Amino acid sequence: MSKAVVGIIGGSGVYDLPGLKDLREERVKTPWGEPSDALRFGRIGDTEAVFLPRHGRGHVYSPSGINYRANIDAMKRVGVTDIVSVSACGSFKQELYPGLFVLVDQFVDRTQGRESSFFGNGCVVHVSMAHPVAPLLQKRIAAAATAEEIPFVSGGTYVCMEGPQFSSGAESLGYKSQNFDVIGMTAMPEAKLAREAEISYATIAMVTDFDCWHPDHDHVDVASVIKVVQANAANAARLLARLLADFPDQHEPCPIGSDRALDNAFLTAPDARDPDLLQKLDAIMQRINAK
Ligand SMILES: CSC[C@H]1O[C@H](OP(=O)(O)O)[C@H](O)[C@@H]1O
Ligand SMILES: Nc1ncnc2[nH]cnc12
């Protein structure tokens with residue numbers, strides 16, 4: 001058993017985490033480059049939390065330019081066991097209205113050219129993404145939303161587009177016809193990398209708009225997204241505060257094995273592994289190396 005440490009990755013319009021006590025900041029170095037910002041450490045109740053705004057303070061990183069590997073490696077390096085990712089999303093369903101929180105449980109990756117793995121030539125690894133969201137973590141988020149009377153639904157598919165442009169009308173209708181629920185630009189490869197890092201991961205997708213398929217709504221723009229995020233920031237802060245206050249002290253083993261994802265995932269023989277890559281993987285492979 002290890003101590004539970006909750007990482008919060010803030011998205012568009014979410015650049016800090018109100019209510020963190022004993023706050024301190026640290027710029028964490030990683031072998032993959034610079035994270036989006038300094039990590040902010042603190043606690044709510046007895047739970048340790050680490051906050052990182054994925055676009056950086058002042059929103060300097062575009063979805064395609066975020067160093068997702070550095071962000072996840074930094075969280076792993078400082079002992080994060082569970083990541084709650086907060087994202088602004090467009091909706092493909094009438095009933096998923098702006099302001100609603102969708103606790104998605106599936107992702108579709110439509111990004112292109114992003115660095116989406118810690119592994120590669122010299123250390124080939126294939127982890128399962130069948131169930132990308134950690135169910136206990138998601139249940140805890142749902143319980144916190146229920147306790148705070150924040151409207152949410154559990155379950156849904158988030159399609160991650162490359163951007164930075166929003167979708168065309170034809171693309172939007174295409175996603176809708178595939179029964180996707182929400183769209184954003186950042187959950188991938190974040191969720192894949194969290195899985196490789198054996199960190200339990202769940203997303204709070206805050207619906208901000210109806211993208212551009214809806215005949216009765218204007219097409220999405222940045223100002224309308226940020227307006228909805230700001231209008232719902234208090235809900236997000238209350239949900240996260242409740243989640244952290246009620247979080248167990250010790251990390252609960254993940255029933256689908258997100259925290260053991262590297263077991264049986266290596267193909268490259270131990271004596272054929274690239275020592276330089278293995279060195280970069282020191283944090284990601286710490287549990288495996290300690291065995
Ligand atoms: C501000 S509109 C587009 C922007 O918002 C979402 O960001 P995040 O997922 O970090 O909340 C979307 O993915 C785009 O990056
Ligand atoms: N409609 C949309 N498409 C992609 N990313 C978004 N983030 C918020 N709304 C979005």
# chains A, B, ... in the order shown; residues from 1 in each chain; ligands from 1

$ select_by_dssp --residues "segment 21-192 of chain A" --states "strand (DSSP E or B)" --output "ChimeraX atom specification"
/A:21-26,30,33,39-44,47-53,82-91,101-103,106-110,120,123,125,152-154,157-161,182-184

$ residues_near_ligand --ligand "ligand 1" --cutoff "7 Å" --atoms "only C-alpha atoms and all ligand atoms" --output "list in words"
Gly10, Gly11, Ser12, Arg54, His55, Ser62, Pro63, Val86, Ser87, Ala88, Cys89, Gly184, Met185, Thr186, Ala187, Asp221, Val222, Val225 and Ile226 of chain A

$ write_last_selection --atoms "C-alpha atoms" --output "CSV table (one decimal), in the first residue's frame"
chain,number,residue,atom,x,y,z
A,10,GLY,CA,-6.6,21.9,-14.8
A,11,GLY,CA,-7.8,22.7,-18.3
A,12,SER,CA,-8.9,25.8,-20.1
A,54,ARG,CA,-2.0,21.8,-18.5
A,55,HIS,CA,-1.9,24.9,-20.6
A,62,SER,CA,-1.8,24.9,-27.2
A,63,PRO,CA,-3.3,21.3,-27.1
A,86,VAL,CA,-10.6,18.7,-15.7
A,87,SER,CA,-11.5,19.5,-19.3
A,88,ALA,CA,-13.8,21.9,-21.2
A,89,CYS,CA,-15.7,20.0,-23.8
A,184,GLY,CA,-12.0,18.1,-26.6
A,185,MET,CA,-8.4,18.5,-27.6
A,186,THR,CA,-6.4,17.3,-24.6
A,187,ALA,CA,-7.4,13.9,-23.0
A,221,ASP,CA,-16.0,30.0,-29.8
A,222,VAL,CA,-13.4,30.5,-27.1
A,225,VAL,CA,-16.3,28.2,-23.6
A,226,ILE,CA,-14.5,30.4,-21.0

$ residues_near_ligand --ligand "ligand 2" --cutoff "10 Å" --atoms "only C-alpha atoms and all ligand atoms" --output "MDAnalysis selection string"
chainID A and resid 11:12 63 87:92 98 159:168 172 182:186 205:213 219:222 224:226 228:229

$ closest_atom_pairs --of "segment 151-221 of chain A" --to "segment 285-289 of chain A" --cutoff "12 Å" --atoms "only C-alpha atoms" --output "tab-separated table"
residue	atom	partner	partner_atom	distance
A:Arg195	CA	A:Met285	CA	11.9
A:Glu196	CA	A:Met285	CA	9.0
A:Ala197	CA	A:Met285	CA	7.4
A:Glu198	CA	A:Met285	CA	8.8
A:Ile199	CA	A:Arg287	CA	11.4

$ select_by_dssp --residues "segment 23-229 of chain A" --states "alpha helix (DSSP H)" --output "PyMOL selection string"
chain A and resi 68-77+135-147+169-177+187-196+222-229

$ write_last_selection --atoms "C-alpha atoms" --output "short mmCIF file (atom, residue, chain, number, x, y, z; two decimals), in the first residue's frame"
data_model
loop_
_atom_site.label_atom_id
_atom_site.label_comp_id
_atom_site.auth_asym_id
_atom_site.auth_seq_id
_atom_site.Cartn_x
_atom_site.Cartn_y
_atom_site.Cartn_z
CA TYR A 68 2.08 15.55 -21.96
CA ARG A 69 4.97 13.19 -21.20
CA ALA A 70 6.70 15.75 -18.98
CA ASN A 71 3.42 16.50 -17.18
CA ILE A 72 2.67 12.86 -16.39
CA ASP A 73 6.27 11.95 -15.59
CA ALA A 74 6.47 14.92 -13.17
CA MET A 75 3.32 13.74 -11.41
CA LYS A 76 4.71 10.20 -11.15
CA ARG A 77 8.06 11.50 -9.89
CA PRO A 135 -13.58 2.97 -11.80
CA LEU A 136 -13.00 3.59 -8.07
CA LEU A 137 -11.67 7.06 -8.76
CA GLN A 138 -14.64 7.79 -10.99
CA LYS A 139 -17.04 6.54 -8.28
CA ARG A 140 -15.39 8.83 -5.75
CA ILE A 141 -15.80 11.81 -8.12
CA ALA A 142 -19.47 10.86 -8.60
CA ALA A 143 -19.96 10.61 -4.82
CA ALA A 144 -18.39 14.05 -4.35
CA ALA A 145 -20.64 15.56 -7.06
CA THR A 146 -23.71 13.94 -5.47
CA ALA A 147 -22.77 15.21 -2.01
CA GLY A 169 -20.00 21.15 -39.39
CA ALA A 170 -19.54 17.88 -41.29
CA GLU A 171 -17.01 16.59 -38.76
CA SER A 172 -19.29 17.53 -35.88
CA LEU A 173 -22.26 15.70 -37.41
CA GLY A 174 -19.98 12.74 -38.12
CA TYR A 175 -18.90 12.51 -34.47
CA LYS A 176 -22.51 12.84 -33.36
CA SER A 177 -23.58 10.04 -35.70
CA ALA A 187 -7.42 13.95 -22.98
CA MET A 188 -5.20 12.10 -25.43
CA PRO A 189 -2.40 11.23 -24.98
CA GLU A 190 -2.79 12.30 -21.33
CA ALA A 191 -4.91 9.24 -20.44
CA LYS A 192 -2.60 6.84 -22.33
CA LEU A 193 0.49 8.20 -20.60
CA ALA A 194 -1.16 8.05 -17.17
CA ARG A 195 -1.89 4.37 -17.84
CA GLU A 196 1.74 3.70 -18.85
CA VAL A 222 -13.36 30.55 -27.15
CA ALA A 223 -15.25 33.33 -25.38
CA SER A 224 -18.36 31.18 -24.90
CA VAL A 225 -16.26 28.24 -23.61
CA ILE A 226 -14.46 30.38 -21.03
CA LYS A 227 -17.71 32.06 -19.98
CA VAL A 228 -19.25 28.65 -19.15
CA VAL A 229 -16.07 27.44 -17.38
#

$ atom_distance --atom1 "atom CA of Phe180 of chain A" --atom2 "atom CA of Glu95 of chain A"
13.0 Å

$ closest_atom_pairs --of "segment 158-257 of chain A" --to "segment 16-38 of chain A" --cutoff "9 Å" --atoms "only C-alpha atoms" --output "JSON lines"
{"residue": "A:Ala237", "atom": "CA", "partner": "A:Pro18", "partner_atom": "CA", "distance": 6.5}
{"residue": "A:Leu240", "atom": "CA", "partner": "A:Leu17", "partner_atom": "CA", "distance": 8.5}
{"residue": "A:Ala241", "atom": "CA", "partner": "A:Gly19", "partner_atom": "CA", "distance": 7.2}

$ closest_residue --among "A:Pro253, A:Gly122, A:Gly7, A:Gly99" --to "Ala49 of chain A" --atoms "only C-alpha atoms"
A:Gly7

$ closest_atom_pairs --of "segment 197-271 of chain A" --to "segment 277-281 of chain A" --cutoff "12 Å" --atoms "only C-alpha atoms" --output "tab-separated table"
residue	atom	partner	partner_atom	distance
A:Ala197	CA	A:Leu281	CA	9.4
A:Thr268	CA	A:Leu278	CA	11.7
A:Pro270	CA	A:Leu278	CA	10.4
A:Asp271	CA	A:Leu278	CA	11.5

$ atom_distance --atom1 "atom CA of His126 of chain A" --atom2 "atom CA of Ala265 of chain A"
5.2 Å

$ closest_residue --among "A:His251, A:Arg57, A:His217, A:Lys291" --to "Ser2 of chain A" --atoms "only C-alpha atoms"
A:His251

$ atom_distance --atom1 "atom CA of Asn264 of chain A" --atom2 "atom CA of Asp276 of chain A"
21.8 Å

$ decode --residues "segment 241-268 of chain A" --atoms "N, CA and C atoms" --output "JSON list (two decimals), in the first residue's frame"
[["chain", "number", "residue", "atom", "x", "y", "z"],
["A", 241, "ALA", "N", -12.80, 19.87, -3.79],
["A", 241, "ALA", "CA", -12.56, 19.98, -2.35],
["A", 241, "ALA", "C", -13.20, 18.82, -1.61],
["A", 242, "ARG", "N", -14.43, 18.46, -1.99],
["A", 242, "ARG", "CA", -15.12, 17.34, -1.34],
["A", 242, "ARG", "C", -14.41, 16.02, -1.65],
["A", 243, "LEU", "N", -14.03, 15.86, -2.92],
["A", 243, "LEU", "CA", -13.31, 14.63, -3.31],
["A", 243, "LEU", "C", -12.06, 14.45, -2.45],
["A", 244, "LEU", "N", -11.29, 15.53, -2.31],
["A", 244, "LEU", "CA", -10.04, 15.43, -1.56],
["A", 244, "LEU", "C", -10.30, 15.23, -0.07],
["A", 245, "ALA", "N", -11.29, 15.94, 0.45],
["A", 245, "ALA", "CA", -11.58, 15.82, 1.89],
["A", 245, "ALA", "C", -11.99, 14.38, 2.23],
["A", 246, "ASP", "N", -12.68, 13.71, 1.30],
["A", 246, "ASP", "CA", -13.18, 12.35, 1.57],
["A", 246, "ASP", "C", -12.24, 11.25, 1.07],
["A", 247, "PHE", "N", -11.10, 11.63, 0.50],
["A", 247, "PHE", "CA", -10.24, 10.63, -0.15],
["A", 247, "PHE", "C", -9.58, 9.72, 0.89],
["A", 248, "PRO", "N", -9.45, 8.42, 0.61],
["A", 248, "PRO", "CA", -8.78, 7.54, 1.59],
["A", 248, "PRO", "C", -7.30, 7.89, 1.70],
["A", 249, "ASP", "N", -6.74, 7.61, 2.86],
["A", 249, "ASP", "CA", -5.35, 7.96, 3.12],
["A", 249, "ASP", "C", -4.39, 7.12, 2.28],
["A", 250, "GLN", "N", -4.76, 5.85, 2.12],
["A", 250, "GLN", "CA", -3.90, 4.93, 1.37],
["A", 250, "GLN", "C", -4.50, 4.70, -0.02],
["A", 251, "HIS", "N", -3.65, 4.57, -1.03],
["A", 251, "HIS", "CA", -4.13, 4.29, -2.39],
["A", 251, "HIS", "C", -4.85, 2.95, -2.42],
["A", 252, "GLU", "N", -6.08, 2.96, -2.97],
["A", 252, "GLU", "CA", -6.83, 1.71, -3.05],
["A", 252, "GLU", "C", -6.42, 0.98, -4.33],
["A", 253, "PRO", "N", -6.10, -0.31, -4.26],
["A", 253, "PRO", "CA", -5.73, -1.02, -5.48],
["A", 253, "PRO", "C", -6.83, -0.90, -6.52],
["A", 254, "CYS", "N", -6.44, -0.60, -7.75],
["A", 254, "CYS", "CA", -7.44, -0.37, -8.81],
["A", 254, "CYS", "C", -7.99, -1.70, -9.29],
["A", 255, "PRO", "N", -9.33, -1.88, -9.30],
["A", 255, "PRO", "CA", -9.90, -3.19, -9.68],
["A", 255, "PRO", "C", -9.60, -3.58, -11.13],
["A", 256, "ILE", "N", -9.31, -2.61, -11.99],
["A", 256, "ILE", "CA", -8.97, -2.99, -13.37],
["A", 256, "ILE", "C", -7.46, -2.91, -13.61],
["A", 257, "GLY", "N", -6.70, -2.69, -12.53],
["A", 257, "GLY", "CA", -5.24, -2.78, -12.64],
["A", 257, "GLY", "C", -4.57, -1.59, -13.28],
["A", 258, "SER", "N", -5.18, -0.38, -13.22],
["A", 258, "SER", "CA", -4.47, 0.80, -13.79],
["A", 258, "SER", "C", -3.14, 1.02, -13.11],
["A", 259, "ASP", "N", -3.08, 0.64, -11.82],
["A", 259, "ASP", "CA", -1.84, 0.87, -11.06],
["A", 259, "ASP", "C", -0.84, -0.27, -11.21],
["A", 260, "ARG", "N", -1.19, -1.26, -12.06],
["A", 260, "ARG", "CA", -0.26, -2.37, -12.33],
["A", 260, "ARG", "C", -0.19, -2.63, -13.84],
["A", 261, "ALA", "N", -0.40, -1.56, -14.62],
["A", 261, "ALA", "CA", -0.60, -1.71, -16.07],
["A", 261, "ALA", "C", 0.62, -2.28, -16.80],
["A", 262, "LEU", "N", 1.79, -2.12, -16.18],
["A", 262, "LEU", "CA", 3.00, -2.59, -16.88],
["A", 262, "LEU", "C", 3.27, -4.09, -16.67],
["A", 263, "ASP", "N", 2.51, -4.71, -15.74],
["A", 263, "ASP", "CA", 2.69, -6.16, -15.58],
["A", 263, "ASP", "C", 2.32, -6.83, -16.90],
["A", 264, "ASN", "N", 3.18, -7.71, -17.38],
["A", 264, "ASN", "CA", 2.92, -8.47, -18.63],
["A", 264, "ASN", "C", 2.78, -7.58, -19.86],
["A", 265, "ALA", "N", 3.37, -6.39, -19.86],
["A", 265, "ALA", "CA", 3.21, -5.49, -21.01],
["A", 265, "ALA", "C", 4.50, -5.34, -21.82],
["A", 266, "PHE", "N", 5.62, -5.89, -21.31],
["A", 266, "PHE", "CA", 6.91, -5.71, -21.99],
["A", 266, "PHE", "C", 7.14, -6.79, -23.05],
["A", 267, "LEU", "N", 7.59, -6.37, -24.23],
["A", 267, "LEU", "CA", 7.98, -7.34, -25.26],
["A", 267, "LEU", "C", 9.49, -7.45, -25.40],
["A", 268, "THR", "N", 10.18, -6.34, -25.23],
["A", 268, "THR", "CA", 11.64, -6.36, -25.43],
["A", 268, "THR", "C", 12.30, -7.16, -24.30]]
